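Text of the file my_file21.tsv, holding TSV, C-alpha atoms:
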chain	number	residue	atom	x	y	z
A	137	MET	CA	82.13	81.46	111.07
A	138	ASP	CA	79.16	83.41	112.38
A	139	ASP	CA	80.66	86.86	112.67
A	140	ARG	CA	77.88	89.31	112.06
A	141	PHE	CA	78.49	93.01	111.87
A	142	LEU	CA	76.14	95.27	113.83
A	143	LEU	CA	75.87	98.81	112.47
A	144	GLY	CA	73.22	101.32	113.46
A	145	GLY	CA	71.16	98.54	115.02
A	146	VAL	CA	71.16	96.50	111.79
A	147	GLU	CA	72.98	93.18	111.35
A	148	PHE	CA	75.09	92.67	108.26
A	149	SER	CA	76.86	89.48	107.25
A	150	SER	CA	79.18	91.33	104.83
A	151	ARG	CA	81.84	93.70	106.13
A	152	LEU	CA	82.46	95.18	102.70
A	153	ILE	CA	80.61	98.42	101.94
A	154	LEU	CA	80.82	99.55	98.32
A	155	GLY	CA	80.56	103.01	96.86
A	156	THR	CA	78.94	103.30	93.45
A	157	GLY	CA	80.99	106.26	92.19
A	158	GLY	CA	83.28	105.79	89.24
A	159	ALA	CA	81.59	102.78	87.60
A	160	SER	CA	81.70	103.01	83.81
A	161	SER	CA	78.18	101.60	83.45
A	162	LEU	CA	75.30	100.35	85.53
A	163	HIS	CA	75.94	96.87	84.16
A	164	SER	CA	79.53	96.88	85.37
A	165	LEU	CA	78.35	98.27	88.72
A	166	GLU	CA	75.78	95.52	89.16
A	167	GLN	CA	78.33	92.81	88.40
A	168	ALA	CA	80.70	94.31	90.97
A	169	LEU	CA	78.01	94.57	93.66
A	170	VAL	CA	77.08	90.92	93.15
A	171	ALA	CA	80.71	89.75	93.12
A	172	GLY	CA	81.53	91.77	96.23
A	173	GLY	CA	78.64	90.29	98.19
A	174	THR	CA	78.03	93.69	99.72
A	175	GLU	CA	74.83	94.59	101.59
A	176	LEU	CA	75.32	98.34	101.98
A	177	VAL	CA	76.01	100.71	99.09
A	178	THR	CA	76.57	104.46	98.92
A	179	VAL	CA	74.80	106.79	96.49
A	180	ALA	CA	74.81	110.56	95.98
A	181	LEU	CA	72.18	113.17	95.17
A	182	ARG	CA	72.52	115.54	92.23
A	183	ARG	CA	70.26	117.68	90.07
A	184	ILE	CA	68.11	115.70	87.65
A	185	ASP	CA	69.74	115.47	84.27
A	186	PRO	CA	68.01	113.90	81.25
A	187	ASN	CA	71.43	112.60	80.15
A	188	THR	CA	72.02	110.58	83.34
A	189	PRO	CA	71.27	106.93	82.66
A	190	ALA	CA	68.17	105.91	84.62
A	191	GLY	CA	68.02	102.72	86.59
A	192	LEU	CA	70.51	103.11	89.44
A	193	MET	CA	67.79	102.51	92.01
A	194	ASP	CA	66.60	99.46	90.06
A	195	VAL	CA	70.10	97.98	90.16
A	196	LEU	CA	70.34	98.52	93.91
A	197	GLU	CA	66.93	96.97	94.43
A	198	ARG	CA	67.81	93.93	92.31
A	199	CYS	CA	70.99	93.47	94.36
A	200	GLY	CA	68.96	93.66	97.58
A	201	VAL	CA	71.34	96.16	99.14
A	202	ARG	CA	70.62	98.85	101.68
A	203	VAL	CA	71.20	102.39	100.42
A	204	LEU	CA	73.60	104.72	102.23
A	205	PRO	CA	73.28	108.27	100.85
A	206	ASN	CA	76.34	110.48	101.10
A	207	THR	CA	76.83	114.22	101.34
A	208	ALA	CA	79.71	114.27	98.86
A	209	GLY	CA	80.58	117.70	97.54
A	210	CYS	CA	79.50	119.57	100.69
A	211	PHE	CA	82.05	121.99	102.13
A	212	THR	CA	80.04	123.38	105.05
A	213	ALA	CA	78.02	121.87	107.87
A	214	ALA	CA	74.92	123.72	106.64
A	215	ASP	CA	75.19	122.21	103.15
A	216	ALA	CA	75.81	118.72	104.51
A	217	VAL	CA	72.85	118.92	106.89
A	218	ARG	CA	70.56	120.12	104.09
A	219	THR	CA	71.79	117.36	101.78
A	220	ALA	CA	71.22	114.73	104.47
A	221	HIS	CA	67.64	115.92	104.91
A	222	LEU	CA	67.09	115.82	101.14
A	223	ALA	CA	68.54	112.30	101.05
A	224	ARG	CA	66.16	111.24	103.80
A	225	GLU	CA	63.27	112.31	101.57
A	226	ALA	CA	64.72	110.77	98.43
A	227	PHE	CA	65.71	107.40	99.85
A	228	GLU	CA	63.43	107.14	102.88
A	229	THR	CA	66.35	106.36	105.15
A	230	ASP	CA	67.80	108.27	108.06
A	231	TRP	CA	71.24	106.78	107.44
A	232	VAL	CA	73.84	109.13	106.04
A	233	LYS	CA	77.49	108.90	105.13
A	234	LEU	CA	78.48	112.34	106.32
A	235	GLU	CA	81.18	113.97	104.21
A	236	VAL	CA	82.17	117.57	104.79
A	237	ILE	CA	85.13	118.23	102.56
A	238	GLY	CA	87.76	120.81	103.44
A	239	ASP	CA	89.94	120.91	100.40
A	240	ASP	CA	89.42	120.21	96.69
A	241	ARG	CA	92.87	118.75	96.15
A	242	THR	CA	92.93	116.17	98.96
A	243	LEU	CA	89.16	115.85	99.56
A	244	LEU	CA	90.05	115.39	103.21
A	245	PRO	CA	87.38	116.24	105.80
A	246	ASP	CA	87.03	119.64	107.43
A	247	ALA	CA	87.12	118.60	111.10
A	248	VAL	CA	85.34	121.67	112.46
A	249	GLU	CA	82.46	121.58	109.98
A	250	LEU	CA	82.23	117.80	110.30
A	251	LEU	CA	81.70	117.95	114.06
A	252	ARG	CA	79.07	120.67	113.66
A	253	ALA	CA	77.18	118.70	111.03
A	254	ALA	CA	77.42	115.44	112.99
A	255	GLU	CA	75.99	117.07	116.09
A	256	ARG	CA	73.06	118.55	114.15
A	257	LEU	CA	72.25	115.33	112.32
A	258	VAL	CA	72.48	113.12	115.41
A	259	GLY	CA	70.09	115.61	117.05
A	260	ASP	CA	67.77	115.34	114.03
A	261	GLY	CA	67.60	111.57	114.51
A	262	PHE	CA	69.94	110.46	111.74
A	263	THR	CA	72.17	107.39	111.87
A	264	VAL	CA	75.38	109.26	111.16
A	265	LEU	CA	78.40	107.55	109.61
A	266	PRO	CA	81.05	110.28	109.34
A	267	TYR	CA	83.94	110.16	106.90
A	268	THR	CA	86.76	111.51	109.07
A	269	THR	CA	90.51	111.91	109.17
A	270	ASP	CA	92.73	109.33	110.84
A	271	ASP	CA	92.88	111.49	113.99
A	272	PRO	CA	91.99	109.37	117.06
A	273	VAL	CA	90.88	112.43	119.06
A	274	LEU	CA	88.47	113.61	116.36
A	275	ALA	CA	87.16	110.05	116.04
A	276	ARG	CA	86.45	109.97	119.76
A	277	ARG	CA	84.69	113.33	119.59
A	278	LEU	CA	82.46	112.03	116.77
A	279	ALA	CA	81.70	108.83	118.69
A	280	ASP	CA	80.91	110.86	121.82
A	281	LEU	CA	78.39	112.89	119.80
A	282	GLY	CA	76.48	109.68	119.08
A	283	CYS	CA	77.66	108.76	115.60
A	284	ALA	CA	76.84	105.15	114.71
A	285	ALA	CA	80.40	104.52	113.48
A	286	VAL	CA	83.54	106.44	112.61
A	287	MET	CA	85.00	106.12	109.13
A	288	PRO	CA	88.62	107.25	109.00
A	289	ALA	CA	90.33	107.76	105.64
A	290	GLY	CA	93.26	105.46	104.99
A	291	ALA	CA	94.45	107.95	102.37
A	292	PRO	CA	92.74	110.55	100.14
A	293	ILE	CA	89.62	109.45	98.23
A	294	GLY	CA	90.46	107.73	94.97
A	295	SER	CA	94.22	107.82	95.62
A	296	GLY	CA	94.73	104.09	96.01
A	297	LEU	CA	97.56	104.86	98.43
A	298	GLY	CA	96.28	102.35	100.99
A	299	ILE	CA	96.58	103.10	104.70
A	300	SER	CA	99.11	105.84	105.26
A	301	ASN	CA	99.04	105.78	109.07
A	302	SER	CA	98.31	102.28	110.35
A	303	HIS	CA	99.17	103.25	113.89
A	304	HIS	CA	96.45	105.90	113.97
A	305	ILE	CA	93.88	103.41	112.69
A	306	GLU	CA	94.84	101.13	115.60
A	307	LEU	CA	94.59	104.06	118.01
A	308	ILE	CA	91.13	104.91	116.68
A	309	ARG	CA	90.09	101.30	117.23
A	310	GLU	CA	91.18	101.66	120.86
A	311	ALA	CA	89.62	105.11	121.29
A	312	VAL	CA	86.01	104.33	120.38
A	313	SER	CA	83.55	101.56	121.14
A	314	CYS	CA	81.42	102.10	118.02
A	315	PRO	CA	82.31	100.37	114.74
A	316	VAL	CA	85.37	101.66	112.86
A	317	ILE	CA	85.07	101.53	109.08
A	318	LEU	CA	88.15	102.20	106.97
A	319	ASP	CA	86.90	104.56	104.28
A	320	ALA	CA	88.90	105.87	101.32
A	321	GLY	CA	92.38	105.25	100.05
A	322	ILE	CA	92.11	101.50	99.44
A	323	GLY	CA	93.91	100.54	96.24
A	324	THR	CA	93.96	96.78	96.21
A	325	ALA	CA	92.99	93.70	98.20
A	326	SER	CA	95.96	93.73	100.58
A	327	ASP	CA	94.95	97.23	101.76
A	328	ALA	CA	91.48	95.97	102.67
A	329	ALA	CA	92.91	92.94	104.47
A	330	ARG	CA	95.31	95.21	106.35
A	331	ALA	CA	92.45	97.45	107.49
A	332	MET	CA	90.66	94.47	108.95
A	333	GLU	CA	93.87	93.19	110.59
A	334	LEU	CA	94.27	96.59	112.25
A	335	GLY	CA	90.92	96.00	113.94
A	336	CYS	CA	88.49	97.79	111.65
A	337	ASP	CA	84.98	96.38	111.65
A	338	ALA	CA	84.41	96.96	107.95
A	339	VAL	CA	85.87	98.56	104.84
A	340	LEU	CA	84.19	101.08	102.53
A	341	LEU	CA	85.68	101.50	99.08
A	342	ALA	CA	84.59	102.56	95.62
A	343	SER	CA	87.30	103.53	93.14
A	344	ALA	CA	89.49	100.49	93.86
A	345	VAL	CA	86.67	98.36	92.44
A	346	THR	CA	84.77	100.62	90.05
A	347	ARG	CA	87.90	101.91	88.33
A	348	ALA	CA	89.76	98.59	88.25
A	349	GLN	CA	90.20	97.04	84.80
A	350	ASP	CA	87.90	94.22	85.86
A	351	PRO	CA	85.59	95.63	88.55
A	352	ALA	CA	83.78	92.35	89.26
A	353	ALA	CA	87.06	90.47	89.74
A	354	MET	CA	88.39	93.19	92.04
A	355	ALA	CA	85.13	93.19	94.01
A	356	ALA	CA	85.51	89.44	94.54
A	357	ALA	CA	89.13	90.02	95.62
A	358	MET	CA	87.94	92.63	98.13
A	359	ARG	CA	85.30	90.28	99.52
A	360	HIS	CA	87.95	87.64	100.18
A	361	ALA	CA	90.43	90.20	101.51
A	362	VAL	CA	87.95	91.55	104.03
A	363	LEU	CA	87.06	88.03	105.15
A	364	GLY	CA	90.72	87.02	105.35
A	365	GLY	CA	91.72	90.11	107.25
A	366	ARG	CA	88.87	89.69	109.69
A	367	LEU	CA	89.72	86.04	110.32
A	368	ALA	CA	93.38	86.92	110.82
A	369	ALA	CA	92.52	89.73	113.23
A	370	LYS	CA	90.50	87.28	115.32
A	371	ALA	CA	93.03	84.43	115.07
A	372	GLY	CA	95.77	85.93	117.23
A	373	ARG	CA	98.77	86.44	115.03
A	374	ILE	CA	102.31	85.49	116.12
A	375	PRO	CA	104.46	88.21	117.62
A	376	VAL	CA	106.93	89.90	115.29
A	377	ARG	CA	110.54	88.80	116.00
A	378	ARG	CA	113.84	90.25	114.93
A	379	TYR	CA	115.43	86.90	114.20
A	380	ALA	CA	114.34	83.46	113.10
A	381	LEU	CA	112.58	80.95	115.29
A	382	ALA	CA	112.98	77.50	113.76
A	383	SER	CA	109.73	75.79	113.00
A	384	THR	CA	111.50	72.42	112.76
A	385	SER	CA	112.98	71.02	115.95
A	386	ALA	CA	116.75	70.61	116.09
A	387	GLU	CA	116.19	67.59	118.33
A	388	GLY	CA	117.17	64.27	116.75
A	389	LEU	CA	119.40	65.81	114.08
A	390	PRO	CA	121.90	63.18	113.00
A	391	SER	CA	125.55	63.92	113.58
A	392	TRP	CA	127.94	63.19	110.75
B	617	MET	CA	52.16	134.04	84.04
B	618	ILE	CA	54.63	133.17	86.78
B	619	THR	CA	58.21	131.96	86.65
B	620	VAL	CA	59.84	129.47	88.98
B	621	VAL	CA	63.54	128.66	88.67
B	622	VAL	CA	64.17	124.92	88.52
B	623	ASN	CA	67.80	123.87	88.96
B	624	ASP	CA	68.86	127.37	87.86
B	625	VAL	CA	66.68	127.32	84.70
B	626	PRO	CA	63.72	129.75	84.60
B	627	ARG	CA	60.48	127.91	83.89
B	628	PRO	CA	57.47	130.07	83.03
B	629	THR	CA	54.02	128.60	83.63
B	630	ASP	CA	50.50	129.93	83.08
B	631	ASP	CA	49.42	129.42	86.64
B	632	THR	CA	50.79	128.39	89.99
B	633	GLU	CA	51.45	124.70	90.34
B	634	THR	CA	52.24	122.39	93.22
B	635	VAL	CA	55.55	120.58	93.64
B	636	ALA	CA	53.81	117.34	92.64
B	637	GLU	CA	52.48	118.97	89.45
B	638	LEU	CA	55.90	120.36	88.61
B	639	LEU	CA	57.51	116.93	89.03
B	640	SER	CA	54.90	115.30	86.80
B	641	ASN	CA	56.07	117.61	84.01
B	642	LEU	CA	59.77	116.92	84.46
B	643	PRO	CA	61.83	113.86	83.43
B	644	VAL	CA	62.14	112.56	86.98
B	645	PRO	CA	62.64	108.89	87.84
B	646	PRO	CA	59.93	107.19	89.91
B	647	ARG	CA	62.16	106.79	92.97
B	648	GLY	CA	65.04	108.52	94.67
B	649	VAL	CA	63.88	112.12	94.17
B	650	ALA	CA	64.09	115.03	96.61
B	651	VAL	CA	62.95	118.64	96.35
B	652	ALA	CA	63.97	121.86	98.05
B	653	VAL	CA	62.26	125.22	97.54
B	654	ASN	CA	64.25	128.34	98.38
B	655	GLY	CA	66.75	126.18	100.24
B	656	GLU	CA	64.15	124.43	102.40
B	657	VAL	CA	63.50	120.72	102.02
B	658	VAL	CA	59.90	119.97	101.00
B	659	ARG	CA	58.89	116.66	102.50
B	660	ARG	CA	57.51	114.08	100.11
B	661	ALA	CA	54.17	114.06	101.93
B	662	ASP	CA	53.82	117.80	101.29
B	663	TRP	CA	54.47	117.69	97.52
B	664	PRO	CA	50.75	117.64	96.55
B	665	GLN	CA	49.95	120.67	98.70
B	666	HIS	CA	53.07	122.79	98.40
B	667	ARG	CA	52.17	125.53	95.90
B	668	LEU	CA	54.99	127.25	94.02
B	669	VAL	CA	54.85	131.02	93.70
B	670	ASP	CA	56.50	133.48	91.34
B	671	GLY	CA	60.25	133.64	91.85
B	672	ASP	CA	60.57	130.37	93.83
B	673	ARG	CA	63.91	128.66	93.40
B	674	VAL	CA	63.41	124.92	93.17
B	675	GLU	CA	66.07	122.23	93.39
B	676	VAL	CA	65.08	118.81	92.06
B	677	LEU	CA	67.61	116.14	92.93
B	678	THR	CA	67.91	112.45	92.26
B	679	ALA	CA	70.13	109.45	92.94
B	680	VAL	CA	73.43	109.25	91.10
B	681	GLN	CA	76.46	107.03	91.51
B	682	GLY	CA	78.77	108.30	94.20
B	683	GLY	CA	80.76	107.73	97.34
Could you write out this file's structure as structure tokens?
Amino acid sequence: MDDRFLLGGVEFSSRLILGTGGASSLHSLEQALVAGGTELVTVALRRIDPNTPAGLMDVLERCGVRVLPNTAGCFTAADAVRTAHLAREAFETDWVKLEVIGDDRTLLPDAVELLRAAERLVGDGFTVLPYTTDDPVLARRLADLGCAAVMPAGAPIGSGLGISNSHHIELIREAVSCPVILDAGIGTASDAARAMELGCDAVLLASAVTRAQDPAAMAAAMRHAVLGGRLAAKAGRIPVRRYALASTSAEGLPSW
Amino acid sequence: MITVVVNDVPRPTDDTETVAELLSNLPVPPRGVAVAVNGEVVRRADWPQHRLVDGDRVEVLTAVQGG
């Protein structure tokens, strides 16, 4: 099936975007990236530290993936905008996964600061991919600002709770014409498939793979789940019924 | 003698140096590095010319796993 995914003017054949956070080693990360077949991968920026293992950029280059810097850890629009500009210098890309966190415990976005930062960064020429709540109105406001996609959380980052409000994800799909990427909360393959069935264009996940007991195996599971969910979403599922509808005809039943 | 503060650590040097010179003396990876001085991003193209002065606060950042 030729079902390419257009994001920020770039065509991707994979609809699985992987975060690199949480991997126990660069080797395990590389195996997961290969098994997941991903083409777009998030990274963060932090102070140089002689104890940080070098080679992350080499791994990403070997895997042939595009780098998507994030603004993780930013709590204000000003911090997020500055981090995005630093990332543009570091990675020579104007793409940014915009995260403006409102709360340490849930790591959910701060809607007000997020909108401010998105507006600034779109104005500065960035391709802005905002991590947002599952609020359809906020998603529409972000899309109206010119964001290249909206990325609603299924559940808090790293929680593995899946998609806590499926209906809102469907409403977001209806509310915007840009790509919708389910970001955060995915725990296992069925969550990723569900996101695609709800109409999402792609899935972004990290912990579900990097913190799984076998990250490469889970990455492969996610690749298949995203493909399966996408195919199902396009295939036109049967309506849900309250009672059975026989699949075998009663015609020609013998009478005893 | 001047002192610039790099990632919160004071770093005395004999003379002023440029951002590029500072980086050449730090354990920075070849790619994925960004610099801000006093909260302002210094573009990569300006690293060889941007001269650090006494009291400058420098942030040197690099790629880490995340997101």
Go through chain B and flag each residue having an atom no more than 6 Å from chain A; for those, report the closest pair of atoms plus their distance in Å to one decimal, using only C-alpha atoms, ordered by chain and rising number, as a tab-separated table.
residue	atom	partner	partner_atom	distance
B:Gly648	CA	A:Ala226	CA	4.4
B:Val649	CA	A:Ala226	CA	4.5
B:Ala650	CA	A:Ala226	CA	4.7
B:Val676	CA	A:Arg183	CA	5.7
B:Leu677	CA	A:Arg183	CA	4.2
B:Thr678	CA	A:Leu181	CA	5.2
B:Ala679	CA	A:Leu181	CA	4.8
B:Val680	CA	A:Ala180	CA	5.2
B:Gln681	CA	A:Gly157	CA	4.6
B:Gly682	CA	A:Gly157	CA	3.6
B:Gly683	CA	A:Gly155	CA	4.7
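Using only C-alpha atoms, the nearest neighbour of B:Ala636 within the list B:Ala652, B:Gln665, B:Asn623, B:Met617 is B:Gln665.
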Surrounding residues of A:Val273 excluding itself and chain neighbours under 5 positions, 12 Å, all atoms listed in the file, as a compact mmCIF listing (two decimals) with C-alpha atoms, keeping the file's coordinate frame:
# COMPACT_ATOMS: atom_id res chain seq x y z
CA ALA A 247 87.12 118.60 111.10
CA LEU A 251 81.70 117.95 114.06
CA THR A 268 86.76 111.51 109.07
CA LEU A 278 82.46 112.03 116.77
CA ALA A 279 81.70 108.83 118.69
CA ASP A 280 80.91 110.86 121.82
CA VAL A 286 83.54 106.44 112.61
CA PRO A 288 88.62 107.25 109.00
CA HIS A 304 96.45 105.90 113.97
CA ILE A 305 93.88 103.41 112.69
CA LEU A 307 94.59 104.06 118.01
CA ILE A 308 91.13 104.91 116.68
CA ARG A 309 90.09 101.30 117.23
CA GLU A 310 91.18 101.66 120.86
CA ALA A 311 89.62 105.11 121.29
CA VAL A 312 86.01 104.33 120.38
Close residues, B:Val653 itself excluded, 10 Å, all atoms listed in the file, min 2 positions apart in chain, as a list in words |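 So, after excluding close chain neighbours, the residues are Val620, Val621, Val622, Val635, Val651, Gly655, Glu656, Val657, Val658, His666, Leu668, Asp672, Arg673, Val674, Glu675 and Val676 of chain B.
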Output C-alpha atoms for every residue in that selection, as a tab-separated table (two decimals), in the frame of the given file.
chain	number	residue	atom	x	y	z
B	620	VAL	CA	59.84	129.47	88.98
B	621	VAL	CA	63.54	128.66	88.67
B	622	VAL	CA	64.17	124.92	88.52
B	635	VAL	CA	55.55	120.58	93.64
B	651	VAL	CA	62.95	118.64	96.35
B	655	GLY	CA	66.75	126.18	100.24
B	656	GLU	CA	64.15	124.43	102.40
B	657	VAL	CA	63.50	120.72	102.02
B	658	VAL	CA	59.90	119.97	101.00
B	666	HIS	CA	53.07	122.79	98.40
B	668	LEU	CA	54.99	127.25	94.02
B	672	ASP	CA	60.57	130.37	93.83
B	673	ARG	CA	63.91	128.66	93.40
B	674	VAL	CA	63.41	124.92	93.17
B	675	GLU	CA	66.07	122.23	93.39
B	676	VAL	CA	65.08	118.81	92.06
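If you measure from each of B:Arg627, B:Val669, B:Thr619, B:Arg660 to B:Leu642 using all atoms listed in the file, the closest one turns out to be B:Arg627.
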For A:Ala214, the closest of A:Ala168, A:Leu250, A:Leu363, A:Leu176 counting all atoms listed in the file is A:Leu250
Find, counting only C-alpha atoms, the residue in A:Thr263, A:Ser385, A:Thr346, A:Ser326 that gets nearest to A:Val146.
->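 Using only C-alpha atoms, A:Val146 sits closest to A:Thr263.
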Two-atom distance - atom CA of A:Leu297, atom CA of A:Ile322 (Å) =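 Taking atom CA of A:Leu297 as the start and atom CA of A:Ile322 as the end point, the length is 6.5 Å.
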Step by step: start from the point (88.0, 126.5, 97.6) in the file's coordinates, keep every protein, DNA or RNA residue that has an atom no farther than 12 Å from it, count all atoms listed in the file, and write the set as a VMD selection string.
-> chain A and resid 209 to 212 237 to 243
Kindly save the residues from that selection, with C-alpha atoms included, as a PDB file, keeping the file's coordinate frame.
ATOM      1  CA  GLY A 209      80.580 117.700  97.540  1.00  0.00           C
ATOM      2  CA  CYS A 210      79.500 119.570 100.690  1.00  0.00           C
ATOM      3  CA  PHE A 211      82.050 121.990 102.130  1.00  0.00           C
ATOM      4  CA  THR A 212      80.040 123.380 105.050  1.00  0.00           C
ATOM      5  CA  ILE A 237      85.130 118.230 102.560  1.00  0.00           C
ATOM      6  CA  GLY A 238      87.760 120.810 103.440  1.00  0.00           C
ATOM      7  CA  ASP A 239      89.940 120.910 100.400  1.00  0.00           C
ATOM      8  CA  ASP A 240      89.420 120.210  96.690  1.00  0.00           C
ATOM      9  CA  ARG A 241      92.870 118.750  96.150  1.00  0.00           C
ATOM     10  CA  THR A 242      92.930 116.170  98.960  1.00  0.00           C
ATOM     11  CA  LEU A 243      89.160 115.850  99.560  1.00  0.00           C
TER      12      LEU A 243
END
Atomic separation - atom CA of A:Leu274 relative to atom CA of A:Arg256, Å =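 Interatomic distance, atom CA of A:Arg256 to atom CA of A:Leu274: 16.3 Å.
As for atom CA of A:Val339 and atom CA of A:Ile153, they are spaced 6.0 Å apart.
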Extract, using only C-alpha atoms, all DNA, RNA and protein residues at most 8 Å from B:Arg667, discarding same-chain residues fewer than 5 positions from it, and format them as a VMD selection string.
-> chain B and resid 632 to 635
Reconstruct all heavy atoms of stretch 310-317 of chain A; output as a PDB file, in the coordinates of the input.
ATOM      1  N   GLU A 310      91.145 101.665 119.393  1.00  0.00           N
ATOM      2  CA  GLU A 310      91.180 101.660 120.860  1.00  0.00           C
ATOM      3  C   GLU A 310      90.344 102.794 121.462  1.00  0.00           C
ATOM      4  O   GLU A 310      89.845 102.678 122.572  1.00  0.00           O
ATOM      5  CB  GLU A 310      92.634 101.831 121.347  1.00  0.00           C
ATOM      6  CG  GLU A 310      93.510 100.617 121.114  1.00  0.00           C
ATOM      7  CD  GLU A 310      94.975 100.915 121.413  1.00  0.00           C
ATOM      8  OE1 GLU A 310      95.264 101.885 122.160  1.00  0.00           O
ATOM      9  OE2 GLU A 310      95.830 100.192 120.881  1.00  0.00           O
ATOM     10  N   ALA A 311      90.211 103.892 120.721  1.00  0.00           N
ATOM     11  CA  ALA A 311      89.620 105.110 121.290  1.00  0.00           C
ATOM     12  C   ALA A 311      88.100 105.098 121.325  1.00  0.00           C
ATOM     13  O   ALA A 311      87.498 105.831 122.103  1.00  0.00           O
ATOM     14  CB  ALA A 311      90.101 106.331 120.482  1.00  0.00           C
ATOM     15  N   VAL A 312      87.473 104.295 120.459  1.00  0.00           N
ATOM     16  CA  VAL A 312      86.010 104.330 120.380  1.00  0.00           C
ATOM     17  C   VAL A 312      85.437 102.924 120.544  1.00  0.00           C
ATOM     18  O   VAL A 312      86.112 101.934 120.250  1.00  0.00           O
ATOM     19  CB  VAL A 312      85.514 104.927 119.031  1.00  0.00           C
ATOM     20  CG1 VAL A 312      86.039 106.340 118.844  1.00  0.00           C
ATOM     21  CG2 VAL A 312      85.915 104.046 117.862  1.00  0.00           C
ATOM     22  N   SER A 313      84.185 102.874 121.021  1.00  0.00           N
ATOM     23  CA  SER A 313      83.550 101.560 121.140  1.00  0.00           C
ATOM     24  C   SER A 313      82.600 101.280 119.975  1.00  0.00           C
ATOM     25  O   SER A 313      82.181 100.145 119.775  1.00  0.00           O
ATOM     26  CB  SER A 313      82.816 101.443 122.477  1.00  0.00           C
ATOM     27  OG  SER A 313      81.915 102.511 122.601  1.00  0.00           O
ATOM     28  N   CYS A 314      82.284 102.321 119.188  1.00  0.00           N
ATOM     29  CA  CYS A 314      81.420 102.100 118.020  1.00  0.00           C
ATOM     30  C   CYS A 314      82.235 101.459 116.891  1.00  0.00           C
ATOM     31  O   CYS A 314      83.460 101.430 116.958  1.00  0.00           O
ATOM     32  CB  CYS A 314      80.827 103.439 117.553  1.00  0.00           C
ATOM     33  SG  CYS A 314      82.051 104.597 116.936  1.00  0.00           S
ATOM     34  N   PRO A 315      81.571 100.946 115.866  1.00  0.00           N
ATOM     35  CA  PRO A 315      82.310 100.370 114.740  1.00  0.00           C
ATOM     36  C   PRO A 315      83.265 101.369 114.077  1.00  0.00           C
ATOM     37  O   PRO A 315      82.957 102.565 113.998  1.00  0.00           O
ATOM     38  CB  PRO A 315      81.209  99.946 113.763  1.00  0.00           C
ATOM     39  CG  PRO A 315      80.012  99.727 114.615  1.00  0.00           C
ATOM     40  CD  PRO A 315      80.107 100.747 115.706  1.00  0.00           C
ATOM     41  N   VAL A 316      84.408 100.866 113.630  1.00  0.00           N
ATOM     42  CA  VAL A 316      85.370 101.660 112.860  1.00  0.00           C
ATOM     43  C   VAL A 316      85.382 101.089 111.435  1.00  0.00           C
ATOM     44  O   VAL A 316      85.583  99.893 111.246  1.00  0.00           O
ATOM     45  CB  VAL A 316      86.787 101.567 113.469  1.00  0.00           C
ATOM     46  CG1 VAL A 316      87.789 102.337 112.606  1.00  0.00           C
ATOM     47  CG2 VAL A 316      86.789 102.085 114.897  1.00  0.00           C
ATOM     48  N   ILE A 317      85.127 101.963 110.477  1.00  0.00           N
ATOM     49  CA  ILE A 317      85.070 101.530 109.080  1.00  0.00           C
ATOM     50  C   ILE A 317      86.143 102.288 108.305  1.00  0.00           C
ATOM     51  O   ILE A 317      86.119 103.514 108.254  1.00  0.00           O
ATOM     52  CB  ILE A 317      83.666 101.825 108.482  1.00  0.00           C
ATOM     53  CG1 ILE A 317      82.591 101.072 109.286  1.00  0.00           C
ATOM     54  CG2 ILE A 317      83.622 101.448 107.007  1.00  0.00           C
ATOM     55  CD1 ILE A 317      81.168 101.481 108.958  1.00  0.00           C
TER      56      ILE A 317
END
